[in-house]
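One file, model-v3.txt, is given below (compact mmCIF, C-alpha atoms).
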# COMPACT_ATOMS: atom_id res chain seq x y z
CA MET A 30 105.02 203.42 62.13
CA SER A 31 103.53 201.42 59.28
CA LYS A 32 105.41 198.18 60.02
CA VAL A 33 103.63 195.56 62.09
CA ILE A 34 105.65 194.36 65.09
CA ASN A 35 105.20 190.66 65.91
CA ILE A 36 105.91 189.39 69.42
CA THR A 37 105.55 185.85 70.75
CA PHE A 38 105.56 185.01 74.47
CA ALA A 39 105.98 181.38 75.51
CA GLY A 40 106.27 179.57 78.81
CA LEU A 41 104.60 177.07 81.07
CA GLY A 42 101.16 177.24 82.60
CA GLY A 43 101.04 179.55 85.60
CA GLN A 44 104.08 181.65 84.66
CA GLY A 45 102.09 184.63 83.41
CA VAL A 46 102.38 184.28 79.63
CA LEU A 47 98.81 185.40 79.02
CA LYS A 48 99.08 188.22 81.57
CA SER A 49 102.27 189.40 79.82
CA THR A 50 100.56 189.63 76.45
CA ASP A 51 97.53 191.31 78.02
CA ILE A 52 99.90 193.94 79.41
CA LEU A 53 101.81 194.25 76.12
CA GLY A 54 98.59 194.60 74.14
CA GLU A 55 97.22 197.25 76.48
CA THR A 56 100.57 199.07 76.40
CA ALA A 57 100.60 199.22 72.59
CA PHE A 58 96.93 200.25 72.54
CA ASN A 59 97.60 203.04 75.07
CA ALA A 60 100.45 204.21 72.82
CA GLY A 61 97.96 204.58 69.95
CA PHE A 62 98.59 201.41 67.96
CA ASP A 63 96.15 198.93 66.46
CA ILE A 64 96.71 195.59 68.20
CA LYS A 65 95.68 191.99 67.70
CA LYS A 66 96.32 189.14 70.14
CA SER A 67 96.05 185.37 69.93
CA GLU A 68 96.80 182.62 72.42
CA VAL A 69 97.22 178.87 72.64
CA HIS A 70 96.67 177.54 76.15
CA GLY A 71 97.74 173.92 75.60
CA MET A 72 98.09 172.13 78.93
CA SER A 73 98.40 175.39 80.83
CA GLN A 74 96.67 174.18 83.98
CA ARG A 75 99.16 171.33 84.29
CA GLY A 76 102.33 173.31 83.68
CA GLY A 77 102.29 172.57 79.96
CA SER A 78 103.31 174.85 77.12
CA VAL A 79 101.52 178.16 76.69
CA CYS A 80 102.07 180.53 73.80
CA SER A 81 100.54 183.93 73.11
CA GLU A 82 101.19 186.41 70.32
CA VAL A 83 100.72 190.16 69.98
CA ARG A 84 100.87 192.09 66.74
CA TYR A 85 100.78 195.87 66.73
CA GLY A 86 101.24 198.71 64.28
CA LYS A 87 99.31 201.39 62.43
CA GLU A 88 96.94 198.76 61.06
CA VAL A 89 96.95 195.03 61.84
CA ALA A 90 94.76 192.64 59.86
CA SER A 91 95.26 189.30 61.64
CA PRO A 92 96.04 188.21 65.21
CA MET A 93 98.19 185.28 64.06
CA VAL A 94 101.93 185.77 63.61
CA PRO A 95 103.04 183.85 60.51
CA GLU A 96 105.65 181.14 61.13
CA GLY A 97 109.14 182.59 61.16
CA GLU A 98 107.89 186.19 61.44
CA SER A 99 108.15 187.02 65.16
CA ASP A 100 110.39 190.03 65.65
CA PHE A 101 110.73 189.03 69.32
CA LEU A 102 110.41 185.72 71.12
CA VAL A 103 110.12 186.11 74.89
CA VAL A 104 110.29 182.85 76.85
CA LEU A 105 109.55 182.55 80.53
CA ASP A 106 111.09 179.08 80.78
CA GLU A 107 114.27 178.06 78.91
CA THR A 108 112.67 174.71 77.93
CA GLN A 109 110.34 176.65 75.65
CA VAL A 110 113.11 177.99 73.40
CA PRO A 111 113.41 174.85 71.21
CA VAL A 112 109.62 174.45 71.22
CA ASN A 113 109.04 177.96 69.85
CA ASP A 114 112.23 179.08 68.08
CA TYR A 115 110.68 178.34 64.65
CA LYS A 116 108.46 181.39 65.22
CA LEU A 117 111.40 183.82 65.45
CA LYS A 118 112.40 185.48 62.20
CA GLU A 119 115.99 185.55 61.04
CA GLY A 120 117.63 188.43 62.90
CA GLY A 121 114.82 188.45 65.49
CA VAL A 122 115.49 188.94 69.19
CA LEU A 123 115.25 186.12 71.73
CA ILE A 124 114.67 187.21 75.34
CA THR A 125 114.93 184.60 78.11
CA PRO A 126 115.26 184.53 81.91
CA ALA A 127 119.03 184.23 81.36
CA ASP A 128 118.94 187.85 80.14
CA ILE A 129 117.92 189.19 83.55
CA ASN A 130 119.12 188.78 87.12
CA VAL A 131 116.33 186.58 88.41
CA ASP A 132 117.82 186.60 91.93
CA ALA A 133 117.39 190.40 92.08
CA LEU A 134 113.64 190.24 91.46
CA PRO A 135 111.45 191.34 94.39
CA THR A 136 109.54 188.06 93.88
CA LYS A 137 109.89 185.22 91.39
CA LYS A 138 106.29 185.90 90.36
CA ALA A 139 107.52 189.14 88.76
CA LEU A 140 109.59 187.29 86.14
CA ASN A 141 107.04 187.93 83.43
CA ILE A 142 107.05 191.68 84.17
CA ALA A 143 110.87 191.75 84.25
CA LEU A 144 110.86 190.11 80.81
CA CYS A 145 108.37 192.75 79.63
CA GLY A 146 110.88 195.31 80.88
CA ALA A 147 113.64 193.62 78.89
CA LEU A 148 111.41 193.62 75.80
CA SER A 149 110.52 197.30 76.33
CA LYS A 150 114.17 198.27 75.77
CA HIS A 151 113.73 197.17 72.13
CA LEU A 152 110.41 198.94 71.52
CA ASP A 153 109.66 202.59 71.01
CA ILE A 154 106.88 202.81 73.62
CA ALA A 155 107.13 205.08 76.66
CA GLU A 156 107.47 203.50 80.10
CA GLU A 157 104.34 205.35 81.26
CA HIS A 158 102.21 203.25 78.87
CA TRP A 159 103.70 200.05 80.32
CA PHE A 160 102.99 201.17 83.89
CA GLU A 161 99.40 202.12 83.06
CA ALA A 162 98.88 198.64 81.61
CA ILE A 163 100.47 197.00 84.67
CA LYS A 164 98.08 199.00 86.87
CA THR A 165 95.17 197.80 84.72
CA PHE A 166 96.00 194.10 84.92
CA LEU A 167 97.62 193.65 88.33
CA PRO A 168 96.27 194.35 91.84
CA LYS A 169 97.38 197.61 93.46
CA LYS A 170 99.25 195.82 96.26
CA VAL A 171 101.81 194.44 93.74
CA HIS A 172 102.25 197.53 91.54
CA GLU A 173 105.46 198.83 93.13
CA MET A 174 107.27 195.48 93.16
CA ASN A 175 106.35 194.94 89.51
CA PHE A 176 107.50 198.45 88.55
CA GLU A 177 110.81 197.60 90.25
CA ALA A 178 111.09 194.29 88.35
CA PHE A 179 110.27 196.07 85.07
CA ARG A 180 112.90 198.77 85.62
CA ASN A 181 115.63 196.39 86.77
CA SER A 182 115.56 194.14 83.72
CA SER A 183 118.72 194.36 81.67
CA ALA A 184 118.24 192.56 78.33
Represent the supplied structure as structure tokens.
Amino acid sequence: MSKVINITFAGLGGQGVLKSTDILGETAFNAGFDIKKSEVHGMSQRGGSVCSEVRYGKEVASPMVPEGESDFLVVLDETQVPVNDYKLKEGGVLITPADINVDALPTKKALNIALCGALSKHLDIAEEHWFEAIKTFLPKKVHEMNFEAFRNSSA
């Protein structure tokens, strides 16, 4: 794959935006891609907007996704759609909590992993790479519930 894939995650402080992009970056790296990541914390400690971007491909020069070039915009809170929709390219894919059954999650804290699962359905990266990254970034005691959340996403 020579094309660079651009993905933006957005949400509110404490929802796991940065953890999601850590997992995505590690997943793409484990799959053999060059990756770059950038993040804007904003008022994250007070529940303010948080945005983080991952770019991956055969070779990636910059961590910043140009405006209007995100292939995917994944939002953890619906209020962040209008704040970040300018980043999504025409024909890009928007993934929101409305795309999954939030009530079926083993815990609401697994929303970010469920949204990673929804995103994974659009990417050509094996599930095993996702699970290895989840194991790297999350404590062992929550692995199984996060694997369940990842698998049960339906976007």
Could you check the closest approach to Lys32 of chain A for each of A:Asp128, A:Glu96, A:Glu68, A:Glu88 and tell me which residue wins, using all atoms listed in the file?
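Distance minimum relative to Lys32 of chain A lands on A:Glu88.
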Please build the interface table for segment 69-142 of chain A against segment 156-170 of chain A with a cut-off of 12 Å, listing for each qualifying residue the nearest atom pair and the distance in Å to one decimal; count only C-alpha atoms, order rows by chain and increasing number, and write it as a tab-separated table.
residue	atom	partner	partner_atom	distance
A:Lys138	CA	A:Leu167	CA	11.8
A:Ala139	CA	A:Leu167	CA	10.9
A:Asn141	CA	A:Ile163	CA	11.3
A:Ile142	CA	A:Ile163	CA	8.5
Nearest residue to Ser149 of chain A from the set A:Ser99, A:Ser81, A:Asn130, A:Ser182 (distances using all atoms listed in the file)
A:Ser182
So which one's closest to Ala127 of chain A, A:Asp100, A:Glu107, A:Asp63, A:Glu177? Using all atoms listed in the file, please.
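Nearest candidate to Ala127 of chain A out of A:Asp100, A:Glu107, A:Asp63, A:Glu177: A:Glu107.
Here the question is which of A:Val79, A:Ile34, A:Ala147, A:Ala155 gets nearest to Val112 of chain A using only C-alpha atoms, and that residue is A:Val79.
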Hey, which of A:Asp114, A:Ile64, A:Phe38, A:Ala57 ends up closest to Glu82 of chain A? Count all atoms listed in the file.
A:Phe38
Atom-to-atom span, atom CA of Leu148 of chain A and atom CA of Ile36 of chain A, Å:
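Going from atom CA of Leu148 of chain A over to atom CA of Ile36 of chain A covers 9.4 Å.
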Would you list the residues near (94.7, 187.2, 65.0), meaning any protein, DNA or RNA residue with an atom at most 10 Å from that point in file coordinates, counting only C-alpha atoms, as a list in words?
Ile64, Lys65, Lys66, Ser67, Glu68, Glu82, Val83, Arg84, Val89, Ala90, Ser91, Pro92, Met93 and Val94 of chain A
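Across the structure, atom CA of Asn113 of chain A and atom CA of Thr37 of chain A are spaced 8.7 Å apart.
Between atom CA of Val131 of chain A and atom CA of Gln109 of chain A lies a distance of 17.2 Å.
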Could you put an axis-aligned box around every listed atom of segment 116-131 of chain A, padded by 8 Å on each side, and send me its centre and edge lengths in Å to one decimal, as JSON?
{"center_x": 113.8, "center_y": 185.3, "center_z": 74.7, "size_x": 26.7, "size_y": 23.8, "size_z": 43.4}
Pick the closest to Leu144 of chain A from A:Tyr115, A:Phe62, A:Phe101, A:Phe179: which is it, counting only C-alpha atoms?
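Closest to Leu144 of chain A, using only C-alpha atoms: A:Phe179.
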Excluding Ser78 of chain A and residues on its chain fewer than 4 positions from it, collect all residues at most 12 Å away from it, counting all atoms listed in the file, and give them as number ranges by chain.
A: 38-47, 68-74, 104-113
Just segment 110-145 of chain A, please, as a PDB file, in the first residue's frame (only N, CA, C and O atoms).
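Final file, out_29.pdb:
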ATOM      1  N   VAL A 110     -18.696  16.246  16.384  1.00  0.00           N
ATOM      2  CA  VAL A 110     -18.847  16.155  14.920  1.00  0.00           C
ATOM      3  C   VAL A 110     -18.741  17.538  14.279  1.00  0.00           C
ATOM      4  O   VAL A 110     -17.889  17.752  13.410  1.00  0.00           O
ATOM      5  N   PRO A 111     -19.564  18.531  14.681  1.00  0.00           N
ATOM      6  CA  PRO A 111     -19.461  19.835  14.018  1.00  0.00           C
ATOM      7  C   PRO A 111     -18.129  20.546  14.281  1.00  0.00           C
ATOM      8  O   PRO A 111     -17.694  21.363  13.474  1.00  0.00           O
ATOM      9  N   VAL A 112     -17.484  20.210  15.386  1.00  0.00           N
ATOM     10  CA  VAL A 112     -16.199  20.825  15.720  1.00  0.00           C
ATOM     11  C   VAL A 112     -15.086  20.310  14.806  1.00  0.00           C
ATOM     12  O   VAL A 112     -14.135  21.029  14.504  1.00  0.00           O
ATOM     13  N   ASN A 113     -15.218  19.067  14.340  1.00  0.00           N
ATOM     14  CA  ASN A 113     -14.133  18.420  13.594  1.00  0.00           C
ATOM     15  C   ASN A 113     -14.474  17.989  12.173  1.00  0.00           C
ATOM     16  O   ASN A 113     -13.607  17.477  11.471  1.00  0.00           O
ATOM     17  N   ASP A 114     -15.714  18.200  11.724  1.00  0.00           N
ATOM     18  CA  ASP A 114     -16.092  17.675  10.410  1.00  0.00           C
ATOM     19  C   ASP A 114     -15.318  18.298   9.251  1.00  0.00           C
ATOM     20  O   ASP A 114     -15.230  17.709   8.177  1.00  0.00           O
ATOM     21  N   TYR A 115     -14.712  19.468   9.446  1.00  0.00           N
ATOM     22  CA  TYR A 115     -13.900  20.093   8.394  1.00  0.00           C
ATOM     23  C   TYR A 115     -12.649  19.270   8.073  1.00  0.00           C
ATOM     24  O   TYR A 115     -12.035  19.443   7.022  1.00  0.00           O
ATOM     25  N   LYS A 116     -12.287  18.354   8.957  1.00  0.00           N
ATOM     26  CA  LYS A 116     -11.105  17.521   8.744  1.00  0.00           C
ATOM     27  C   LYS A 116     -11.379  16.356   7.799  1.00  0.00           C
ATOM     28  O   LYS A 116     -10.467  15.829   7.168  1.00  0.00           O
ATOM     29  N   LEU A 117     -12.645  15.944   7.704  1.00  0.00           N
ATOM     30  CA  LEU A 117     -13.027  14.783   6.907  1.00  0.00           C
ATOM     31  C   LEU A 117     -13.054  15.143   5.429  1.00  0.00           C
ATOM     32  O   LEU A 117     -13.655  16.133   5.030  1.00  0.00           O
ATOM     33  N   LYS A 118     -12.415  14.311   4.612  1.00  0.00           N
ATOM     34  CA  LYS A 118     -12.403  14.574   3.174  1.00  0.00           C
ATOM     35  C   LYS A 118     -13.755  14.217   2.574  1.00  0.00           C
ATOM     36  O   LYS A 118     -14.538  13.455   3.160  1.00  0.00           O
ATOM     37  N   GLU A 119     -14.025  14.756   1.397  1.00  0.00           N
ATOM     38  CA  GLU A 119     -15.251  14.410   0.696  1.00  0.00           C
ATOM     39  C   GLU A 119     -15.227  12.915   0.414  1.00  0.00           C
ATOM     40  O   GLU A 119     -14.237  12.375  -0.079  1.00  0.00           O
ATOM     41  N   GLY A 120     -16.293  12.236   0.789  1.00  0.00           N
ATOM     42  CA  GLY A 120     -16.359  10.785   0.622  1.00  0.00           C
ATOM     43  C   GLY A 120     -15.719  10.016   1.767  1.00  0.00           C
ATOM     44  O   GLY A 120     -15.700   8.791   1.761  1.00  0.00           O
ATOM     45  N   GLY A 121     -15.204  10.746   2.780  1.00  0.00           N
ATOM     46  CA  GLY A 121     -14.617  10.097   3.947  1.00  0.00           C
ATOM     47  C   GLY A 121     -15.689   9.468   4.819  1.00  0.00           C
ATOM     48  O   GLY A 121     -16.885   9.698   4.633  1.00  0.00           O
ATOM     49  N   VAL A 122     -15.264   8.675   5.789  1.00  0.00           N
ATOM     50  CA  VAL A 122     -16.187   7.926   6.642  1.00  0.00           C
ATOM     51  C   VAL A 122     -16.216   8.533   8.045  1.00  0.00           C
ATOM     52  O   VAL A 122     -15.171   8.684   8.681  1.00  0.00           O
ATOM     53  N   LEU A 123     -17.422   8.860   8.498  1.00  0.00           N
ATOM     54  CA  LEU A 123     -17.646   9.350   9.854  1.00  0.00           C
ATOM     55  C   LEU A 123     -18.138   8.185  10.700  1.00  0.00           C
ATOM     56  O   LEU A 123     -19.093   7.502  10.329  1.00  0.00           O
ATOM     57  N   ILE A 124     -17.480   7.961  11.840  1.00  0.00           N
ATOM     58  CA  ILE A 124     -17.876   6.901  12.769  1.00  0.00           C
ATOM     59  C   ILE A 124     -18.160   7.558  14.119  1.00  0.00           C
ATOM     60  O   ILE A 124     -17.312   8.269  14.657  1.00  0.00           O
ATOM     61  N   THR A 125     -19.376   7.324  14.643  1.00  0.00           N
ATOM     62  CA  THR A 125     -19.787   7.948  15.900  1.00  0.00           C
ATOM     63  C   THR A 125     -20.378   6.890  16.838  1.00  0.00           C
ATOM     64  O   THR A 125     -20.658   5.762  16.397  1.00  0.00           O
ATOM     65  N   PRO A 126     -20.622   7.239  18.092  1.00  0.00           N
ATOM     66  CA  PRO A 126     -21.261   6.289  19.009  1.00  0.00           C
ATOM     67  C   PRO A 126     -22.626   5.802  18.510  1.00  0.00           C
ATOM     68  O   PRO A 126     -23.063   4.710  18.879  1.00  0.00           O
ATOM     69  N   ALA A 127     -23.283   6.582  17.655  1.00  0.00           N
ATOM     70  CA  ALA A 127     -24.576   6.162  17.103  1.00  0.00           C
ATOM     71  C   ALA A 127     -24.428   4.936  16.198  1.00  0.00           C
ATOM     72  O   ALA A 127     -25.412   4.251  15.922  1.00  0.00           O
ATOM     73  N   ASP A 128     -23.210   4.656  15.758  1.00  0.00           N
ATOM     74  CA  ASP A 128     -22.954   3.519  14.866  1.00  0.00           C
ATOM     75  C   ASP A 128     -22.792   2.196  15.604  1.00  0.00           C
ATOM     76  O   ASP A 128     -22.631   1.152  14.967  1.00  0.00           O
ATOM     77  N   ILE A 129     -22.791   2.249  16.928  1.00  0.00           N
ATOM     78  CA  ILE A 129     -22.645   1.016  17.709  1.00  0.00           C
ATOM     79  C   ILE A 129     -23.744   0.947  18.762  1.00  0.00           C
ATOM     80  O   ILE A 129     -24.374   1.949  19.075  1.00  0.00           O
ATOM     81  N   ASN A 130     -23.969  -0.228  19.308  1.00  0.00           N
ATOM     82  CA  ASN A 130     -24.941  -0.393  20.383  1.00  0.00           C
ATOM     83  C   ASN A 130     -24.220  -0.154  21.707  1.00  0.00           C
ATOM     84  O   ASN A 130     -23.655  -1.078  22.295  1.00  0.00           O
ATOM     85  N   VAL A 131     -24.243   1.071  22.148  1.00  0.00           N
ATOM     86  CA  VAL A 131     -23.537   1.454  23.369  1.00  0.00           C
ATOM     87  C   VAL A 131     -24.051   0.683  24.577  1.00  0.00           C
ATOM     88  O   VAL A 131     -23.288   0.321  25.473  1.00  0.00           O
ATOM     89  N   ASP A 132     -25.346   0.368  24.597  1.00  0.00           N
ATOM     90  CA  ASP A 132     -25.935  -0.357  25.725  1.00  0.00           C
ATOM     91  C   ASP A 132     -25.419  -1.793  25.827  1.00  0.00           C
ATOM     92  O   ASP A 132     -25.510  -2.416  26.880  1.00  0.00           O
ATOM     93  N   ALA A 133     -24.879  -2.330  24.724  1.00  0.00           N
ATOM     94  CA  ALA A 133     -24.368  -3.708  24.729  1.00  0.00           C
ATOM     95  C   ALA A 133     -22.905  -3.794  25.154  1.00  0.00           C
ATOM     96  O   ALA A 133     -22.357  -4.890  25.279  1.00  0.00           O
ATOM     97  N   LEU A 134     -22.273  -2.650  25.388  1.00  0.00           N
ATOM     98  CA  LEU A 134     -20.864  -2.663  25.791  1.00  0.00           C
ATOM     99  C   LEU A 134     -20.724  -3.244  27.199  1.00  0.00           C
ATOM    100  O   LEU A 134     -21.573  -2.984  28.065  1.00  0.00           O
ATOM    101  N   PRO A 135     -19.652  -3.992  27.455  1.00  0.00           N
ATOM    102  CA  PRO A 135     -19.440  -4.549  28.789  1.00  0.00           C
ATOM    103  C   PRO A 135     -19.258  -3.457  29.845  1.00  0.00           C
ATOM    104  O   PRO A 135     -19.555  -3.660  31.008  1.00  0.00           O
ATOM    105  N   THR A 136     -18.764  -2.297  29.415  1.00  0.00           N
ATOM    106  CA  THR A 136     -18.626  -1.115  30.263  1.00  0.00           C
ATOM    107  C   THR A 136     -18.581   0.098  29.348  1.00  0.00           C
ATOM    108  O   THR A 136     -18.063   0.016  28.234  1.00  0.00           O
ATOM    109  N   LYS A 137     -19.103   1.214  29.810  1.00  0.00           N
ATOM    110  CA  LYS A 137     -19.100   2.433  28.982  1.00  0.00           C
ATOM    111  C   LYS A 137     -17.674   2.907  28.705  1.00  0.00           C
ATOM    112  O   LYS A 137     -17.434   3.610  27.738  1.00  0.00           O
ATOM    113  N   LYS A 138     -16.733   2.516  29.555  1.00  0.00           N
ATOM    114  CA  LYS A 138     -15.336   2.891  29.352  1.00  0.00           C
ATOM    115  C   LYS A 138     -14.733   2.223  28.114  1.00  0.00           C
ATOM    116  O   LYS A 138     -13.675   2.611  27.664  1.00  0.00           O
ATOM    117  N   ALA A 139     -15.418   1.228  27.578  1.00  0.00           N
ATOM    118  CA  ALA A 139     -14.917   0.520  26.387  1.00  0.00           C
ATOM    119  C   ALA A 139     -15.406   1.147  25.084  1.00  0.00           C
ATOM    120  O   ALA A 139     -15.145   0.611  24.005  1.00  0.00           O
ATOM    121  N   LEU A 140     -16.070   2.297  25.170  1.00  0.00           N
ATOM    122  CA  LEU A 140     -16.574   2.952  23.958  1.00  0.00           C
ATOM    123  C   LEU A 140     -15.462   3.210  22.953  1.00  0.00           C
ATOM    124  O   LEU A 140     -15.619   2.961  21.759  1.00  0.00           O
ATOM    125  N   ASN A 141     -14.328   3.702  23.424  1.00  0.00           N
ATOM    126  CA  ASN A 141     -13.248   4.002  22.487  1.00  0.00           C
ATOM    127  C   ASN A 141     -12.756   2.743  21.764  1.00  0.00           C
ATOM    128  O   ASN A 141     -12.467   2.780  20.569  1.00  0.00           O
ATOM    129  N   ILE A 142     -12.729   1.621  22.452  1.00  0.00           N
ATOM    130  CA  ILE A 142     -12.288   0.368  21.829  1.00  0.00           C
ATOM    131  C   ILE A 142     -13.357  -0.149  20.866  1.00  0.00           C
ATOM    132  O   ILE A 142     -13.041  -0.667  19.786  1.00  0.00           O
ATOM    133  N   ALA A 143     -14.625   0.015  21.220  1.00  0.00           N
ATOM    134  CA  ALA A 143     -15.708  -0.373  20.308  1.00  0.00           C
ATOM    135  C   ALA A 143     -15.630   0.453  19.027  1.00  0.00           C
ATOM    136  O   ALA A 143     -15.821  -0.078  17.922  1.00  0.00           O
ATOM    137  N   LEU A 144     -15.320   1.739  19.146  1.00  0.00           N
ATOM    138  CA  LEU A 144     -15.187   2.583  17.963  1.00  0.00           C
ATOM    139  C   LEU A 144     -13.958   2.196  17.143  1.00  0.00           C
ATOM    140  O   LEU A 144     -13.985   2.269  15.911  1.00  0.00           O
ATOM    141  N   CYS A 145     -12.897   1.743  17.814  1.00  0.00           N
ATOM    142  CA  CYS A 145     -11.740   1.191  17.080  1.00  0.00           C
ATOM    143  C   CYS A 145     -12.181  -0.050  16.299  1.00  0.00           C
ATOM    144  O   CYS A 145     -11.758  -0.255  15.150  1.00  0.00           O
TER     145      CYS A 145
END
